[in-house]
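Below is one structure; the comments refer to it alone.
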Amino acid sequence: MSDDHTNDHTRGDDRTNDHTRGDHRTNDHTHGDDRTNDHTRVREFFAARAADWDSRFPDDGPAYAAAVAELGLPEGARVLDAGCGTGRALPPLRAAVGPSGTVVGADLTAAMLEAAVRAGRDRDGRLLLADVAALPLRSSCLDAVFAAGLVAHLPHPAENLRELARVVRPGGTLALFHPIGRAALAARQGRRITDDDLRAEPRLRPLLAGSGWRLTSYVDEDDRFLALAVRQD
């Protein structure tokens with residue numbers, strides 16, 4: 001991805017430049033070849049699907065907007081779309097925080113960010129080619145994180161969720177979202193739902209608690225999955 005994709009395209013996002021200096025994580029908590037292999041698999045999976053991703057799921061927009069509304073973001077809030085893909089959450093996030101707010105979309109796959117630019121969503125948030133496991137953001141610089149379909153792709157979920165907690169202020173919020181529920185997604189993929197799924201509430205609640213989050217709401221219905229959590233002190 002070219003440098004153009006990480007330029008500040010939004011109004012009111014000047015503060016984001018301050019957040020991306022200094023306290024960013026590099027290779028000090030990676031896992032060597034395992035992390036590289038994980039990243040390669042994720043990039044290859046999404047790069048192959050980026051060009052037609054939105055056309056494959058054309059009706060998800062209202063579900064994204066409804067999930068963003070559940071975050072209750074005030075005008076002027078600072079929010080990250082972690083694993084933003086083609087940026088489908090960026091327009092409702094921008095609408096929620098207004099022109100004075102900060103919206104950042106981070107994704108590991110350049111092709112997905114390029115699709116976001118083609119769709120014009122770079123106007124709604126600053127796009128970063130970045131690993132959500134090592135975000136180039138200052139600690140406690142955000143009010144909220146929105147993450148759609150992210151948990152299943154985290155190579156080290158506890159560690160990666162702690163990294164999301166690092167960049168959110170105490171009392172800030174996390175939304176783990178998918179536009180369809182666990183059972184519906186399993187049926188779409190031709191597999192059976194199991195209790196080993198990280199998004200199953202008995203697994204997700206302690207995972208979040210051990211990563212700096214407290215689960216406050218859990219919804220798993222056919223037409224959406226949404227877990228909300230608060231950043232603990």
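By order in the structure tokens, chains are A, B, ...; within a chain, residues start at 1; ligands start at 1, following the order shown.
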Item to complete: Run DSSP on the backbone and grab whatever in chain A lands in strand (DSSP E or B); send it over as a VMD selection string.
Response: chain A and resid 78 to 82 102 to 107 126 to 129 142 to 148 168 to 178 213 to 221 224 to 231
Fill in: For stretch 90-93 of chain A: contacts at 10 Å, only C-alpha atoms, fewer than 5 positions along chain excluded, given as a ChimeraX atom specification
/A:61-62,64-69,71,73,77-81,84,98,101-105,116,120-127,146
Discussion item. Give me the residues near A:Leu150 as a ChimeraX atom specification, where near means some atom within 9 Å (using only C-alpha atoms) and where sequence neighbours in that chain fewer than 5 positions away do not count.
Written reply: /A:82-84,176-178
Pull all heavy atoms from the residues just selected and write them as an mmCIF file, in the first residue's frame.
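That gives us again.cif:
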data_model
loop_
_atom_site.group_PDB
_atom_site.id
_atom_site.type_symbol
_atom_site.label_atom_id
_atom_site.label_comp_id
_atom_site.auth_asym_id
_atom_site.auth_seq_id
_atom_site.Cartn_x
_atom_site.Cartn_y
_atom_site.Cartn_z
ATOM 1 N N ALA A 82 -10.551 -1.810 14.322
ATOM 2 C CA ALA A 82 -9.432 -2.748 14.321
ATOM 3 C C ALA A 82 -9.719 -3.891 13.350
ATOM 4 O O ALA A 82 -10.715 -4.594 13.493
ATOM 5 C CB ALA A 82 -9.203 -3.301 15.722
ATOM 6 N N GLY A 83 -8.823 -4.065 12.369
ATOM 7 C CA GLY A 83 -9.082 -5.018 11.309
ATOM 8 C C GLY A 83 -10.204 -4.508 10.429
ATOM 9 O O GLY A 83 -11.180 -5.210 10.162
ATOM 10 N N CYS A 84 -10.052 -3.274 9.965
ATOM 11 C CA CYS A 84 -11.166 -2.555 9.309
ATOM 12 C C CYS A 84 -11.530 -3.104 7.944
ATOM 13 O O CYS A 84 -12.606 -2.805 7.432
ATOM 14 C CB CYS A 84 -10.829 -1.070 9.197
ATOM 15 S SG CYS A 84 -9.458 -0.690 8.070
ATOM 16 N N LEU A 176 -17.038 -6.227 19.795
ATOM 17 C CA LEU A 176 -16.681 -7.354 18.933
ATOM 18 C C LEU A 176 -17.944 -7.737 18.171
ATOM 19 O O LEU A 176 -18.941 -8.171 18.771
ATOM 20 C CB LEU A 176 -16.179 -8.532 19.773
ATOM 21 C CG LEU A 176 -14.928 -8.268 20.623
ATOM 22 C CD1 LEU A 176 -14.599 -9.488 21.462
ATOM 23 C CD2 LEU A 176 -13.742 -7.867 19.755
ATOM 24 N N PHE A 177 -17.883 -7.596 16.854
ATOM 25 C CA PHE A 177 -19.109 -7.654 16.039
ATOM 26 C C PHE A 177 -18.932 -8.622 14.886
ATOM 27 O O PHE A 177 -17.828 -8.822 14.376
ATOM 28 C CB PHE A 177 -19.411 -6.247 15.505
ATOM 29 C CG PHE A 177 -20.435 -6.202 14.406
ATOM 30 C CD1 PHE A 177 -21.774 -6.447 14.673
ATOM 31 C CD2 PHE A 177 -20.063 -5.924 13.104
ATOM 32 C CE1 PHE A 177 -22.721 -6.411 13.660
ATOM 33 C CE2 PHE A 177 -21.006 -5.875 12.083
ATOM 34 C CZ PHE A 177 -22.333 -6.123 12.366
ATOM 35 N N HIS A 178 -20.036 -9.234 14.502
ATOM 36 C CA HIS A 178 -20.125 -9.942 13.231
ATOM 37 C C HIS A 178 -21.553 -9.779 12.732
ATOM 38 O O HIS A 178 -22.487 -9.841 13.537
ATOM 39 C CB HIS A 178 -19.772 -11.425 13.373
ATOM 40 C CG HIS A 178 -19.377 -12.057 12.078
ATOM 41 N ND1 HIS A 178 -20.293 -12.376 11.095
ATOM 42 C CD2 HIS A 178 -18.159 -12.396 11.571
ATOM 43 C CE1 HIS A 178 -19.661 -12.905 10.056
ATOM 44 N NE2 HIS A 178 -18.358 -12.918 10.329
#
Practice prompt. Name all residues at most 12 Å from A:Ser211 (count only C-alpha atoms; drop same-chain ones fewer than 6 positions away) and give them as a ChimeraX atom specification.
Written response: /A:156-166,174,204-205,229-233
Only N, CA and C atoms, please: the residues just picked out, written as an mmCIF file, in the first residue's frame.
data_model
loop_
_atom_site.group_PDB
_atom_site.id
_atom_site.type_symbol
_atom_site.label_atom_id
_atom_site.label_comp_id
_atom_site.auth_asym_id
_atom_site.auth_seq_id
_atom_site.Cartn_x
_atom_site.Cartn_y
_atom_site.Cartn_z
ATOM 1 N N HIS A 156 -2.879 -14.785 18.655
ATOM 2 C CA HIS A 156 -2.682 -14.936 20.098
ATOM 3 C C HIS A 156 -3.742 -14.082 20.782
ATOM 4 N N PRO A 157 -4.978 -14.598 20.914
ATOM 5 C CA PRO A 157 -6.113 -13.764 21.319
ATOM 6 C C PRO A 157 -5.918 -12.988 22.612
ATOM 7 N N ALA A 158 -5.412 -13.625 23.661
ATOM 8 C CA ALA A 158 -5.268 -12.918 24.933
ATOM 9 C C ALA A 158 -4.292 -11.759 24.789
ATOM 10 N N GLU A 159 -3.161 -12.021 24.200
ATOM 11 C CA GLU A 159 -2.163 -10.967 24.001
ATOM 12 C C GLU A 159 -2.691 -9.864 23.090
ATOM 13 N N ASN A 160 -3.375 -10.267 22.025
ATOM 14 C CA ASN A 160 -3.858 -9.284 21.059
ATOM 15 C C ASN A 160 -4.965 -8.412 21.638
ATOM 16 N N LEU A 161 -5.829 -8.994 22.446
ATOM 17 C CA LEU A 161 -6.868 -8.203 23.112
ATOM 18 C C LEU A 161 -6.260 -7.267 24.156
ATOM 19 N N ARG A 162 -5.161 -7.688 24.787
ATOM 20 C CA ARG A 162 -4.467 -6.784 25.697
ATOM 21 C C ARG A 162 -3.890 -5.589 24.962
ATOM 22 N N GLU A 163 -3.451 -5.799 23.726
ATOM 23 C CA GLU A 163 -2.940 -4.676 22.945
ATOM 24 C C GLU A 163 -4.060 -3.684 22.622
ATOM 25 N N LEU A 164 -5.240 -4.183 22.338
ATOM 26 C CA LEU A 164 -6.381 -3.286 22.131
ATOM 27 C C LEU A 164 -6.693 -2.531 23.426
ATOM 28 N N ALA A 165 -6.606 -3.224 24.553
ATOM 29 C CA ALA A 165 -6.843 -2.559 25.835
ATOM 30 C C ALA A 165 -5.795 -1.477 26.092
ATOM 31 N N ARG A 166 -4.575 -1.710 25.664
ATOM 32 C CA ARG A 166 -3.505 -0.729 25.905
ATOM 33 C C ARG A 166 -3.835 0.624 25.300
ATOM 34 N N LEU A 174 -15.163 -1.602 23.972
ATOM 35 C CA LEU A 174 -14.793 -2.500 22.876
ATOM 36 C C LEU A 174 -16.053 -3.150 22.351
ATOM 37 N N LEU A 204 -15.371 -16.487 25.869
ATOM 38 C CA LEU A 204 -15.063 -15.086 25.625
ATOM 39 C C LEU A 204 -14.974 -14.281 26.912
ATOM 40 N N ARG A 205 -15.868 -14.528 27.839
ATOM 41 C CA ARG A 205 -15.893 -13.728 29.071
ATOM 42 C C ARG A 205 -14.558 -13.805 29.827
ATOM 43 N N ALA A 229 -17.671 -4.673 25.743
ATOM 44 C CA ALA A 229 -16.841 -4.768 26.944
ATOM 45 C C ALA A 229 -16.308 -3.397 27.311
ATOM 46 N N VAL A 230 -15.984 -3.242 28.602
ATOM 47 C CA VAL A 230 -15.446 -1.984 29.118
ATOM 48 C C VAL A 230 -14.003 -2.211 29.545
ATOM 49 N N ARG A 231 -13.161 -1.239 29.215
ATOM 50 C CA ARG A 231 -11.756 -1.295 29.602
ATOM 51 C C ARG A 231 -11.637 -1.128 31.111
ATOM 52 N N GLN A 232 -11.007 -2.094 31.763
ATOM 53 C CA GLN A 232 -10.836 -2.053 33.206
ATOM 54 C C GLN A 232 -9.633 -1.187 33.576
ATOM 55 N N ASP A 233 -9.658 -0.617 34.773
ATOM 56 C CA ASP A 233 -8.541 0.175 35.259
ATOM 57 C C ASP A 233 -7.294 -0.682 35.450
#
Practice prompt. Can you work out which one of A:Pro58, A:Thr40, A:Ala51, A:Val97 has the shortest atom-to-atom distance to A:Met112, counting only C-alpha atoms?
Written response: A:Ala51
Discussion item. Would you compute the distance between atom CA of A:Pro179 and atom CA of A:Val117? Give it in Å to one decimal.
Written reply: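 Between atom CA of A:Pro179 and atom CA of A:Val117 the gap is 21.9 Å.
Pairwise distance (atom CA of A:Arg56, atom CA of A:Arg199) equals 23.2 Å.
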Fill in: Nearest-residue call for A:Ala95, choices A:Gly76, A:Arg214, A:Cys141, A:Pro136, using only C-alpha atoms
A:Gly76
Discussion item. When you count only C-alpha atoms, which of these residues is closest to A:Ala134: A:Leu113, A:Ala106, A:Arg118, A:Arg43?
Written reply: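 Answer, going by the shortest atom-to-atom distance: A:Ala106.
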Item to complete: Using atom CA of A:Ala183 and atom CA of A:Asp222 as the two end points, give the distance in Å to one decimal.
Response: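 Interatomic distance here is 6.8 Å.
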Discussion item. Give me, as a PyMOL selection string, the residues of stretch 58-229 of chain A that a backbone DSSP run labels helix (DSSP H, G or I).
Written reply: chain A and resi 61-71+90-97+110-118+121-123+151-153+157-166+182-188+201-209
Worksheet item: With only C-alpha atoms as the atoms that count, which of A:Ala152, A:Ala89, A:Leu135, A:Ala63 lies nearest to A:Asp197?
Response: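 Comparing A:Ala152, A:Ala89, A:Leu135, A:Ala63 against A:Asp197, the winner is A:Ala152.
Proximity ranking of A:Leu128, A:Val42, A:Ala144, A:Ala200 relative to A:Pro74 places A:Ala144 first, based on only C-alpha atoms.
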